[in-house]
$ cat start.txt   # compact mmCIF, N, CA and C atoms
# COMPACT_ATOMS: atom_id res chain seq x y z
N MET N 1 -17.03 20.21 15.89
CA MET N 1 -15.75 20.85 15.64
C MET N 1 -15.27 20.45 14.25
N ASN N 2 -14.39 21.25 13.73
CA ASN N 2 -13.74 20.97 12.45
C ASN N 2 -12.28 20.66 12.74
N LEU N 3 -11.77 19.59 12.15
CA LEU N 3 -10.40 19.14 12.39
C LEU N 3 -9.64 19.13 11.08
N LYS N 4 -8.45 19.72 11.11
CA LYS N 4 -7.57 19.71 9.94
C LYS N 4 -6.19 19.29 10.42
N ILE N 5 -5.67 18.19 9.84
CA ILE N 5 -4.36 17.69 10.22
C ILE N 5 -3.40 17.93 9.06
N LEU N 6 -2.33 18.66 9.35
CA LEU N 6 -1.35 19.02 8.34
C LEU N 6 -0.04 18.28 8.54
N LEU N 7 0.54 17.84 7.44
CA LEU N 7 1.89 17.29 7.42
C LEU N 7 2.79 18.34 6.77
N PRO N 8 4.10 18.20 6.85
CA PRO N 8 4.97 19.22 6.24
C PRO N 8 4.74 19.40 4.73
N PHE N 9 4.25 18.38 4.06
CA PHE N 9 4.14 18.43 2.61
C PHE N 9 2.71 18.34 2.09
N ALA N 10 1.72 18.16 2.95
CA ALA N 10 0.34 17.97 2.47
C ALA N 10 -0.65 18.09 3.62
N VAL N 11 -1.91 18.13 3.24
CA VAL N 11 -3.00 18.04 4.21
C VAL N 11 -3.32 16.57 4.39
N PHE N 12 -3.16 16.05 5.62
CA PHE N 12 -3.39 14.64 5.87
C PHE N 12 -4.88 14.31 5.84
N THR N 13 -5.68 15.09 6.57
CA THR N 13 -7.12 14.88 6.59
C THR N 13 -7.83 16.15 7.03
N GLU N 14 -9.06 16.26 6.61
CA GLU N 14 -9.92 17.36 7.01
C GLU N 14 -11.29 16.77 7.33
N LYS N 15 -11.75 16.94 8.56
CA LYS N 15 -13.01 16.34 9.00
C LYS N 15 -13.89 17.40 9.64
N THR N 16 -15.20 17.21 9.52
CA THR N 16 -16.16 18.06 10.22
C THR N 16 -17.04 17.17 11.08
N GLY N 17 -17.76 17.76 11.98
CA GLY N 17 -18.64 16.98 12.86
C GLY N 17 -17.89 16.21 13.92
N ILE N 18 -16.77 16.73 14.37
CA ILE N 18 -15.97 16.07 15.40
C ILE N 18 -16.62 16.31 16.76
N VAL N 19 -16.84 15.25 17.51
CA VAL N 19 -17.48 15.33 18.82
C VAL N 19 -16.45 15.53 19.93
N ARG N 20 -15.31 14.83 19.82
CA ARG N 20 -14.26 14.95 20.83
C ARG N 20 -12.92 14.56 20.24
N ILE N 21 -11.88 15.06 20.88
CA ILE N 21 -10.50 14.79 20.47
C ILE N 21 -9.69 14.47 21.72
N ILE N 22 -8.82 13.48 21.61
CA ILE N 22 -7.88 13.17 22.70
C ILE N 22 -6.48 13.22 22.10
N ALA N 23 -5.63 14.06 22.70
CA ALA N 23 -4.27 14.24 22.19
C ALA N 23 -3.28 14.07 23.34
N GLU N 24 -2.08 13.60 23.02
CA GLU N 24 -1.03 13.40 24.02
C GLU N 24 -0.04 14.54 23.96
N THR N 25 0.22 15.13 25.13
CA THR N 25 1.21 16.19 25.25
C THR N 25 2.27 15.76 26.25
N ASP N 26 3.27 16.59 26.43
CA ASP N 26 4.30 16.24 27.42
C ASP N 26 3.77 16.29 28.84
N ALA N 27 2.61 16.92 29.05
CA ALA N 27 1.98 16.98 30.38
C ALA N 27 0.94 15.88 30.56
N GLY N 28 0.74 15.02 29.56
CA GLY N 28 -0.25 13.95 29.65
C GLY N 28 -1.27 14.05 28.54
N SER N 29 -2.32 13.24 28.61
CA SER N 29 -3.38 13.24 27.61
C SER N 29 -4.41 14.31 27.94
N PHE N 30 -4.89 14.98 26.89
CA PHE N 30 -5.91 16.01 27.06
C PHE N 30 -7.08 15.71 26.15
N GLY N 31 -8.28 15.94 26.66
CA GLY N 31 -9.49 15.80 25.88
C GLY N 31 -9.99 17.17 25.46
N PHE N 32 -10.45 17.26 24.23
CA PHE N 32 -10.97 18.52 23.69
C PHE N 32 -12.42 18.29 23.27
N LEU N 33 -13.32 19.05 23.86
CA LEU N 33 -14.73 19.03 23.50
C LEU N 33 -15.06 20.34 22.79
N PRO N 34 -16.20 20.40 22.08
CA PRO N 34 -16.52 21.60 21.29
C PRO N 34 -16.54 22.91 22.09
N ASN N 35 -16.92 22.89 23.36
CA ASN N 35 -17.02 24.14 24.12
C ASN N 35 -15.77 24.47 24.92
N ARG N 36 -14.69 23.74 24.71
CA ARG N 36 -13.45 24.01 25.43
C ARG N 36 -12.90 25.37 25.00
N LEU N 37 -12.24 26.03 25.92
CA LEU N 37 -11.62 27.32 25.61
C LEU N 37 -10.53 27.14 24.56
N ASP N 38 -10.25 28.20 23.84
CA ASP N 38 -9.19 28.17 22.84
C ASP N 38 -7.85 27.91 23.53
N CYS N 39 -6.99 27.15 22.84
CA CYS N 39 -5.71 26.82 23.45
C CYS N 39 -4.72 26.36 22.38
N VAL N 40 -3.48 26.22 22.82
CA VAL N 40 -2.39 25.68 22.01
C VAL N 40 -1.73 24.59 22.84
N ALA N 41 -1.43 23.45 22.22
CA ALA N 41 -0.78 22.35 22.93
C ALA N 41 0.33 21.77 22.07
N VAL N 42 1.45 21.46 22.70
CA VAL N 42 2.56 20.80 22.01
C VAL N 42 2.34 19.31 22.11
N LEU N 43 2.28 18.64 20.95
CA LEU N 43 2.02 17.20 20.90
C LEU N 43 3.33 16.42 20.93
N VAL N 44 3.29 15.28 21.59
CA VAL N 44 4.42 14.36 21.60
C VAL N 44 4.04 13.14 20.76
N PRO N 45 5.01 12.34 20.33
CA PRO N 45 4.66 11.14 19.58
C PRO N 45 3.74 10.23 20.40
N GLY N 46 2.66 9.78 19.77
CA GLY N 46 1.71 8.93 20.47
C GLY N 46 0.45 8.72 19.67
N ILE N 47 -0.62 8.37 20.35
CA ILE N 47 -1.90 8.09 19.71
C ILE N 47 -2.79 9.32 19.81
N PHE N 48 -3.34 9.75 18.69
CA PHE N 48 -4.27 10.86 18.60
C PHE N 48 -5.63 10.26 18.24
N VAL N 49 -6.65 10.56 19.03
CA VAL N 49 -7.97 9.98 18.82
C VAL N 49 -8.97 11.09 18.56
N PHE N 50 -9.82 10.90 17.54
CA PHE N 50 -10.94 11.80 17.36
C PHE N 50 -12.19 11.00 17.04
N GLU N 51 -13.33 11.53 17.49
CA GLU N 51 -14.60 10.84 17.30
C GLU N 51 -15.53 11.74 16.49
N THR N 52 -16.11 11.16 15.43
CA THR N 52 -17.10 11.89 14.63
C THR N 52 -18.49 11.43 15.01
N GLU N 53 -19.47 12.23 14.65
CA GLU N 53 -20.85 11.93 15.04
C GLU N 53 -21.34 10.58 14.50
N GLY N 54 -21.11 10.29 13.24
CA GLY N 54 -21.65 9.07 12.66
C GLY N 54 -20.68 7.93 12.54
N LYS N 55 -19.38 8.22 12.51
CA LYS N 55 -18.38 7.19 12.21
C LYS N 55 -17.74 6.56 13.44
N GLY N 56 -17.76 7.24 14.56
CA GLY N 56 -17.12 6.70 15.75
C GLY N 56 -15.68 7.16 15.87
N GLU N 57 -14.89 6.41 16.65
CA GLU N 57 -13.51 6.80 16.92
C GLU N 57 -12.58 6.44 15.78
N THR N 58 -11.61 7.32 15.55
CA THR N 58 -10.53 7.09 14.59
C THR N 58 -9.22 7.29 15.33
N TYR N 59 -8.28 6.39 15.10
CA TYR N 59 -6.99 6.44 15.78
C TYR N 59 -5.90 6.83 14.79
N LEU N 60 -5.02 7.72 15.24
CA LEU N 60 -3.87 8.13 14.44
C LEU N 60 -2.62 7.98 15.28
N ALA N 61 -1.58 7.46 14.69
CA ALA N 61 -0.26 7.50 15.31
C ALA N 61 0.40 8.76 14.76
N VAL N 62 0.78 9.67 15.64
CA VAL N 62 1.36 10.93 15.19
C VAL N 62 2.74 11.13 15.80
N ASP N 63 3.55 11.87 15.07
CA ASP N 63 4.85 12.28 15.56
C ASP N 63 4.66 13.61 16.28
N GLU N 64 5.72 14.19 16.75
CA GLU N 64 5.59 15.44 17.48
C GLU N 64 5.04 16.55 16.60
N GLY N 65 4.36 17.50 17.23
CA GLY N 65 3.76 18.60 16.50
C GLY N 65 3.07 19.57 17.43
N ILE N 66 2.07 20.26 16.88
CA ILE N 66 1.35 21.27 17.64
C ILE N 66 -0.13 21.20 17.32
N LEU N 67 -0.96 21.50 18.31
CA LEU N 67 -2.41 21.53 18.16
C LEU N 67 -2.87 22.93 18.54
N ILE N 68 -3.71 23.52 17.69
CA ILE N 68 -4.26 24.85 17.95
C ILE N 68 -5.77 24.77 17.85
N LYS N 69 -6.47 25.15 18.93
CA LYS N 69 -7.94 25.16 18.93
C LYS N 69 -8.40 26.61 19.00
N THR N 70 -9.17 27.03 18.01
CA THR N 70 -9.76 28.36 18.00
C THR N 70 -11.22 28.22 17.62
N GLY N 71 -12.09 28.51 18.55
CA GLY N 71 -13.52 28.36 18.31
C GLY N 71 -13.86 26.90 18.06
N THR N 72 -14.47 26.64 16.91
CA THR N 72 -14.81 25.25 16.56
C THR N 72 -13.78 24.60 15.65
N ASP N 73 -12.71 25.32 15.36
CA ASP N 73 -11.67 24.79 14.47
C ASP N 73 -10.48 24.29 15.27
N VAL N 74 -10.02 23.09 14.92
CA VAL N 74 -8.83 22.50 15.54
C VAL N 74 -7.84 22.22 14.42
N LEU N 75 -6.67 22.82 14.52
CA LEU N 75 -5.61 22.63 13.53
C LEU N 75 -4.47 21.88 14.19
N VAL N 76 -4.06 20.78 13.56
CA VAL N 76 -2.98 19.96 14.08
C VAL N 76 -1.90 19.89 13.00
N ALA N 77 -0.67 20.24 13.37
CA ALA N 77 0.46 20.14 12.46
C ALA N 77 1.47 19.18 13.07
N VAL N 78 1.73 18.08 12.36
CA VAL N 78 2.65 17.05 12.84
C VAL N 78 3.62 16.66 11.73
N ARG N 79 4.73 16.04 12.11
CA ARG N 79 5.70 15.61 11.11
C ARG N 79 5.22 14.40 10.32
N LYS N 80 4.65 13.42 11.04
CA LYS N 80 4.15 12.20 10.40
C LYS N 80 2.86 11.79 11.06
N ALA N 81 2.00 11.15 10.28
CA ALA N 81 0.74 10.62 10.82
C ALA N 81 0.38 9.36 10.06
N ILE N 82 -0.13 8.38 10.79
CA ILE N 82 -0.59 7.13 10.20
C ILE N 82 -1.96 6.83 10.80
N GLU N 83 -2.95 6.57 9.93
CA GLU N 83 -4.30 6.31 10.40
C GLU N 83 -4.55 4.82 10.50
N GLY N 84 -5.30 4.43 11.55
CA GLY N 84 -5.66 3.04 11.74
C GLY N 84 -7.11 2.93 12.19
N VAL N 85 -7.78 1.87 11.76
CA VAL N 85 -9.17 1.66 12.14
C VAL N 85 -9.27 1.29 13.61
N ASP N 86 -8.39 0.39 14.06
CA ASP N 86 -8.35 0.03 15.46
C ASP N 86 -6.89 0.03 15.93
N LEU N 87 -6.68 -0.11 17.20
CA LEU N 87 -5.34 0.00 17.75
C LEU N 87 -4.43 -1.14 17.32
N ALA N 88 -4.96 -2.34 17.15
CA ALA N 88 -4.14 -3.49 16.73
C ALA N 88 -3.61 -3.27 15.31
N THR N 89 -4.48 -2.84 14.42
CA THR N 89 -4.07 -2.57 13.04
C THR N 89 -3.06 -1.43 13.00
N LEU N 90 -3.31 -0.41 13.79
CA LEU N 90 -2.41 0.74 13.83
C LEU N 90 -1.03 0.33 14.32
N ARG N 91 -0.98 -0.53 15.32
CA ARG N 91 0.31 -1.00 15.85
C ARG N 91 1.09 -1.74 14.77
N GLU N 92 0.41 -2.57 14.01
CA GLU N 92 1.05 -3.33 12.94
C GLU N 92 1.60 -2.40 11.86
N VAL N 93 0.81 -1.40 11.46
CA VAL N 93 1.24 -0.46 10.42
C VAL N 93 2.43 0.37 10.90
N VAL N 94 2.38 0.81 12.16
CA VAL N 94 3.48 1.60 12.71
C VAL N 94 4.76 0.76 12.78
N SER N 95 4.65 -0.51 13.16
CA SER N 95 5.82 -1.39 13.20
C SER N 95 6.46 -1.53 11.83
N LYS N 96 5.63 -1.72 10.80
CA LYS N 96 6.15 -1.82 9.43
C LYS N 96 6.81 -0.52 9.01
N GLU N 97 6.19 0.60 9.34
CA GLU N 97 6.74 1.91 8.98
C GLU N 97 8.09 2.14 9.63
N PHE N 98 8.22 1.76 10.92
CA PHE N 98 9.49 1.93 11.61
C PHE N 98 10.56 1.02 11.03
N SER N 99 10.20 -0.19 10.62
CA SER N 99 11.21 -1.08 10.04
C SER N 99 11.67 -0.52 8.69
N ASN N 100 10.75 0.08 7.92
CA ASN N 100 11.15 0.73 6.66
C ASN N 100 12.06 1.92 6.94
N MET N 101 11.74 2.70 7.98
CA MET N 101 12.58 3.84 8.32
C MET N 101 13.96 3.39 8.76
N ASP N 102 14.04 2.29 9.53
CA ASP N 102 15.33 1.78 9.98
C ASP N 102 16.19 1.37 8.79
N ALA N 103 15.60 0.73 7.80
CA ALA N 103 16.35 0.32 6.61
C ALA N 103 16.84 1.55 5.84
N GLN N 104 16.00 2.56 5.72
CA GLN N 104 16.41 3.79 5.02
C GLN N 104 17.51 4.51 5.78
N GLU N 105 17.37 4.59 7.10
CA GLU N 105 18.39 5.25 7.91
C GLU N 105 19.72 4.51 7.81
N GLN N 106 19.67 3.20 7.77
CA GLN N 106 20.90 2.42 7.67
C GLN N 106 21.60 2.69 6.34
N SER N 107 20.85 2.76 5.24
CA SER N 107 21.47 3.03 3.94
C SER N 107 22.03 4.45 3.89
N VAL N 108 21.35 5.40 4.53
CA VAL N 108 21.87 6.77 4.58
C VAL N 108 23.15 6.82 5.40
N ARG N 109 23.17 6.12 6.53
CA ARG N 109 24.38 6.09 7.35
C ARG N 109 25.57 5.49 6.60
N GLN N 110 25.32 4.44 5.80
CA GLN N 110 26.39 3.82 5.02
C GLN N 110 26.91 4.81 3.98
N ALA N 111 26.01 5.53 3.32
CA ALA N 111 26.43 6.51 2.32
C ALA N 111 27.25 7.63 2.96
N VAL N 112 26.83 8.10 4.12
CA VAL N 112 27.56 9.16 4.82
C VAL N 112 28.92 8.65 5.27
N ALA N 113 29.00 7.42 5.73
CA ALA N 113 30.28 6.85 6.16
C ALA N 113 31.24 6.75 4.98
N LYS N 114 30.76 6.38 3.80
CA LYS N 114 31.61 6.32 2.61
C LYS N 114 32.11 7.71 2.24
N MET N 115 31.22 8.70 2.32
CA MET N 115 31.62 10.08 2.00
C MET N 115 32.68 10.57 2.99
N GLU N 116 32.48 10.28 4.28
CA GLU N 116 33.43 10.72 5.29
C GLU N 116 34.78 10.06 5.09
N SER N 117 34.81 8.75 4.82
CA SER N 117 36.09 8.07 4.63
C SER N 117 36.79 8.58 3.38
N GLY N 118 36.03 8.87 2.32
CA GLY N 118 36.63 9.44 1.11
C GLY N 118 37.20 10.83 1.37
N PHE N 119 36.49 11.63 2.14
CA PHE N 119 36.98 12.96 2.47
C PHE N 119 38.27 12.89 3.29
N ILE N 120 38.29 12.00 4.28
CA ILE N 120 39.47 11.87 5.13
C ILE N 120 40.67 11.38 4.31
N ARG N 121 40.41 10.42 3.40
CA ARG N 121 41.50 9.91 2.56
C ARG N 121 42.07 11.02 1.68
N ARG N 122 41.21 11.82 1.05
CA ARG N 122 41.68 12.92 0.19
C ARG N 122 42.38 13.99 1.01
N PHE N 123 41.87 14.24 2.21
CA PHE N 123 42.49 15.23 3.07
C PHE N 123 43.90 14.78 3.47
N ALA N 124 44.06 13.50 3.78
CA ALA N 124 45.38 12.96 4.14
C ALA N 124 46.32 13.04 2.95
N GLU N 125 45.84 12.75 1.74
CA GLU N 125 46.66 12.83 0.53
C GLU N 125 47.07 14.27 0.27
N PHE N 126 46.23 15.22 0.59
CA PHE N 126 46.53 16.64 0.38
C PHE N 126 47.72 17.05 1.25
N PHE N 127 47.78 16.56 2.51
CA PHE N 127 48.87 16.93 3.39
C PHE N 127 50.16 16.18 3.06
N ARG N 128 50.10 15.07 2.36
CA ARG N 128 51.30 14.34 1.97
C ARG N 128 52.01 15.05 0.84
N GLU N 129 51.28 15.80 0.06
CA GLU N 129 51.89 16.48 -1.11
C GLU N 129 52.66 17.67 -0.75
$ encode --input "start.txt" --output "structure tokens"
Amino acid sequence: MNLKILLPFAVFTEKTGIVRIIAETDAGSFGFLPNRLDCVAVLVPGIFVFETEGKGETYLAVDEGILIKTGTDVLVAVRKAIEGVDLATLREVVSKEFSNMDAQEQSVRQAVAKMESGFIRRFAEFFRE
């Protein structure tokens, strides 16, 4: 099978010679083999696994998205993806990524709170005049 993983802003990876794929959906984990019928699946955040003929298994932490299988081509579109050699390494990378996201979200929330308080202050001054 041929696998192409897309992010909103780039192509994350493109692989050929895929033997099997395991993806997580809201109905549970599904395995995809080369002779499986064509299908569409909605992916939930979790671990996405694919195995190549010579390299073995590769693990990806993916955010929500969609998987489309047509013939030997599998197209996956997700918001975020992080690749790891093994599950322990992937867990560590995902933890760091989430801590970075939490820090960014906190700074955005502070900026929005300042904007809101400034807007309310100006709005109150407008009604005093």
$ select_by_dssp --input "start.txt" --residues "chain N" --states "helix (DSSP H, G or I)" --output "number ranges by chain"
N: 87-128
$ atom_distance --input "start.txt" --atom1 "atom N of N:Leu60" --atom2 "atom N of N:Asn35"
20.9 Å
$ closest_atom_pairs --input "start.txt" --of "stretch 9-74 of chain N" --to "stretch 84-92 of chain N" --cutoff "7 Å" --atoms "all atoms listed in the file" --output "Markdown table"
| residue | atom | partner | partner_atom | distance |
| --- | --- | --- | --- | --- |
| N:Glu57 | C | N:Val85 | C | 6.5 |
| N:Thr58 | C | N:Gly84 | C | 5.8 |
| N:Tyr59 | C | N:Gly84 | N | 4.1 |
| N:Leu60 | CA | N:Gly84 | N | 4.9 |
| N:Ala61 | N | N:Gly84 | N | 5.7 |
$ closest_residue --input "start.txt" --among "N:Glu14, N:Ala41, N:Ala77, N:Ile5" --to "N:Asp26" --atoms "only C-alpha atoms"
N:Ala41
$ atom_distance --input "start.txt" --atom1 "atom N of N:Gly31" --atom2 "atom CA of N:Leu7"
21.8 Å
$ closest_residue --input "start.txt" --among "N:Arg122, N:Glu53, N:Ser29, N:Phe9" --to "N:Lys80" --atoms "only C-alpha atoms"
N:Phe9
$ select_by_dssp --input "start.txt" --residues "stretch 24-91 of chain N" --states "strand (DSSP E or B)" --output "PyMOL selection string"
chain N and resi 24-25+28-32+39-43+46-52+56-62+65-70+73-78+81-84
$ residues_near_point --input "start.txt" --point "(-18.1, 15.2, 13.3)" --cutoff "8 Å" --atoms "only N, CA and C atoms" --output "list in words"
Met1, Asn2, Leu3, Lys15, Thr16, Gly17, Ile18, Val19, Arg20, Glu51, Thr52, Glu53, Gly54 and Lys55 of chain N
$ atom_distance --input "start.txt" --atom1 "atom CA of N:Ile22" --atom2 "atom CA of N:Val49"
5.0 Å
$ closest_residue --input "start.txt" --among "N:Phe30, N:Leu43, N:Val108, N:Gly56" --to "N:Arg79" --atoms "only C-alpha atoms"
N:Leu43
$ closest_residue --input "start.txt" --among "N:Ile21, N:Val62, N:Val42, N:Val76" --to "N:Leu6" --atoms "only N, CA and C atoms"
N:Val76
$ residues_near_point --input "start.txt" --point "(-8.8, 30.9, 18.5)" --cutoff "7 Å" --atoms "all atoms listed in the file" --output "VMD selection string"
chain N and resid 38 to 39 68 to 71
$ closest_residue --input "start.txt" --among "N:Ser95, N:Gln110, N:Thr72, N:Gln104" --to "N:Pro34" --atoms "only N, CA and C atoms"
N:Thr72
$ decode --input "start.txt" --residues "stretch 4-113 of chain N" --atoms "C-alpha atoms" --output "JSON list (two decimals), in the first residue's frame"
[["chain", "number", "residue", "atom", "x", "y", "z"],
["N", 4, "LYS", "CA", 0.35, 9.71, 2.53],
["N", 5, "ILE", "CA", -0.19, 11.67, 5.75],
["N", 6, "LEU", "CA", -1.24, 15.29, 5.36],
["N", 7, "LEU", "CA", -1.19, 18.10, 7.91],
["N", 8, "PRO", "CA", -3.09, 21.37, 7.36],
["N", 9, "PHE", "CA", 0.09, 23.09, 6.19],
["N", 10, "ALA", "CA", 2.30, 20.33, 4.72],
["N", 11, "VAL", "CA", 2.77, 16.71, 3.77],
["N", 12, "PHE", "CA", 3.94, 14.94, 6.93],
["N", 13, "THR", "CA", 5.15, 11.74, 5.27],
["N", 14, "GLU", "CA", 4.76, 9.66, 2.15],
["N", 15, "LYS", "CA", 5.61, 5.95, 2.28],
["N", 16, "THR", "CA", 5.32, 3.00, -0.09],
["N", 17, "GLY", "CA", 5.49, -0.70, 0.63],
["N", 18, "ILE", "CA", 3.12, -0.53, 3.60],
["N", 19, "VAL", "CA", 2.12, -4.00, 4.80],
["N", 20, "ARG", "CA", -0.50, -3.00, 7.39],
["N", 21, "ILE", "CA", -1.99, 0.00, 9.14],
["N", 22, "ILE", "CA", -3.72, 0.27, 12.53],
["N", 23, "ALA", "CA", -5.79, 3.38, 13.17],
["N", 24, "GLU", "CA", -8.02, 4.46, 16.06],
["N", 25, "THR", "CA", -11.57, 5.61, 15.38],
["N", 26, "ASP", "CA", -14.47, 6.44, 17.63],
["N", 27, "ALA", "CA", -15.68, 2.85, 17.11],
["N", 28, "GLY", "CA", -12.32, 1.35, 18.18],
["N", 29, "SER", "CA", -9.07, 0.32, 16.48],
["N", 30, "PHE", "CA", -9.15, -0.87, 12.89],
["N", 31, "GLY", "CA", -6.54, -2.75, 10.91],
["N", 32, "PHE", "CA", -6.05, -2.09, 7.22],
["N", 33, "LEU", "CA", -4.42, -4.68, 4.97],
["N", 34, "PRO", "CA", -3.68, -4.24, 1.24],
["N", 35, "ASN", "CA", -6.75, -6.22, 0.08],
["N", 36, "ARG", "CA", -9.25, -4.47, 2.37],
["N", 37, "LEU", "CA", -12.23, -2.88, 0.67],
["N", 38, "ASP", "CA", -12.15, 0.86, 0.06],
["N", 39, "CYS", "CA", -13.42, 2.87, 3.01],
["N", 40, "VAL", "CA", -13.43, 6.15, 4.90],
["N", 41, "ALA", "CA", -12.81, 6.36, 8.66],
["N", 42, "VAL", "CA", -12.92, 9.26, 11.10],
["N", 43, "LEU", "CA", -9.80, 9.21, 13.27],
["N", 44, "VAL", "CA", -9.71, 10.20, 16.92],
["N", 45, "PRO", "CA", -6.60, 11.37, 18.81],
["N", 46, "GLY", "CA", -4.42, 8.35, 19.52],
["N", 47, "ILE", "CA", -1.67, 6.10, 18.19],
["N", 48, "PHE", "CA", -1.48, 5.40, 14.45],
["N", 49, "VAL", "CA", 0.71, 2.42, 13.50],
["N", 50, "PHE", "CA", 1.99, 1.40, 10.10],
["N", 51, "GLU", "CA", 4.38, -1.36, 9.12],
["N", 52, "THR", "CA", 6.66, -1.31, 6.08],
["N", 53, "GLU", "CA", 8.20, -4.35, 4.45],
["N", 54, "GLY", "CA", 11.81, -3.67, 5.42],
["N", 55, "LYS", "CA", 11.64, -1.16, 8.26],
["N", 56, "GLY", "CA", 9.07, -2.64, 10.63],
["N", 57, "GLU", "CA", 6.51, -0.75, 12.69],
["N", 58, "THR", "CA", 6.37, 3.03, 12.95],
["N", 59, "TYR", "CA", 4.29, 4.78, 15.59],
["N", 60, "LEU", "CA", 2.61, 8.16, 15.19],
["N", 61, "ALA", "CA", 0.68, 10.18, 17.72],
["N", 62, "VAL", "CA", -2.08, 11.83, 15.72],
["N", 63, "ASP", "CA", -4.81, 14.31, 16.43],
["N", 64, "GLU", "CA", -8.29, 13.93, 15.02],
["N", 65, "GLY", "CA", -8.67, 13.58, 11.27],
["N", 66, "ILE", "CA", -9.82, 11.34, 8.46],
["N", 67, "LEU", "CA", -8.49, 8.25, 6.70],
["N", 68, "ILE", "CA", -9.45, 7.38, 3.11],
["N", 69, "LYS", "CA", -8.47, 4.05, 1.52],
["N", 70, "THR", "CA", -8.91, 3.68, -2.24],
["N", 71, "GLY", "CA", -7.28, 0.70, -3.88],
["N", 72, "THR", "CA", -3.68, 0.57, -2.69],
["N", 73, "ASP", "CA", -3.59, 4.23, -1.67],
["N", 74, "VAL", "CA", -4.28, 5.36, 1.89],
["N", 75, "LEU", "CA", -4.64, 9.09, 2.52],
["N", 76, "VAL", "CA", -4.67, 10.37, 6.09],
["N", 77, "ALA", "CA", -5.42, 14.01, 6.92],
["N", 78, "VAL", "CA", -4.87, 15.03, 10.56],
["N", 79, "ARG", "CA", -4.39, 18.27, 12.46],
["N", 80, "LYS", "CA", -1.14, 17.22, 14.16],
["N", 81, "ALA", "CA", 1.19, 14.25, 13.98],
["N", 82, "ILE", "CA", 4.33, 13.29, 15.88],
["N", 83, "GLU", "CA", 6.49, 10.34, 14.86],
["N", 84, "GLY", "CA", 8.26, 8.08, 17.34],
["N", 85, "VAL", "CA", 10.52, 5.07, 16.95],
["N", 86, "ASP", "CA", 8.99, 3.28, 19.92],
["N", 87, "LEU", "CA", 6.09, 3.98, 22.24],
["N", 88, "ALA", "CA", 8.24, 5.16, 25.17],
["N", 89, "THR", "CA", 10.01, 7.77, 23.04],
["N", 90, "LEU", "CA", 6.72, 8.83, 21.50],
["N", 91, "ARG", "CA", 5.16, 9.30, 24.94],
["N", 92, "GLU", "CA", 8.04, 11.53, 26.01],
["N", 93, "VAL", "CA", 7.84, 13.66, 22.84],
["N", 94, "VAL", "CA", 4.06, 14.02, 23.15],
["N", 95, "SER", "CA", 4.40, 15.09, 26.81],
["N", 96, "LYS", "CA", 6.90, 17.79, 25.84],
["N", 97, "GLU", "CA", 4.67, 18.94, 22.98],
["N", 98, "PHE", "CA", 1.65, 19.22, 25.28],
["N", 99, "SER", "CA", 3.62, 21.20, 27.86],
["N", 100, "ASN", "CA", 4.71, 23.60, 25.09],
["N", 101, "MET", "CA", 1.10, 23.90, 23.93],
["N", 102, "ASP", "CA", -0.06, 24.60, 27.50],
["N", 103, "ALA", "CA", 2.46, 27.44, 27.83],
["N", 104, "GLN", "CA", 1.38, 28.92, 24.49],
["N", 105, "GLU", "CA", -2.30, 28.62, 25.39],
["N", 106, "GLN", "CA", -1.68, 30.32, 28.71],
["N", 107, "SER", "CA", 0.06, 33.29, 27.05],
["N", 108, "VAL", "CA", -2.78, 33.57, 24.52],
["N", 109, "ARG", "CA", -5.36, 33.50, 27.31],
["N", 110, "GLN", "CA", -3.49, 36.29, 29.15],
["N", 111, "ALA", "CA", -3.40, 38.42, 25.99],
["N", 112, "VAL", "CA", -7.12, 37.87, 25.38],
["N", 113, "ALA", "CA", -7.92, 38.73, 29.02]]
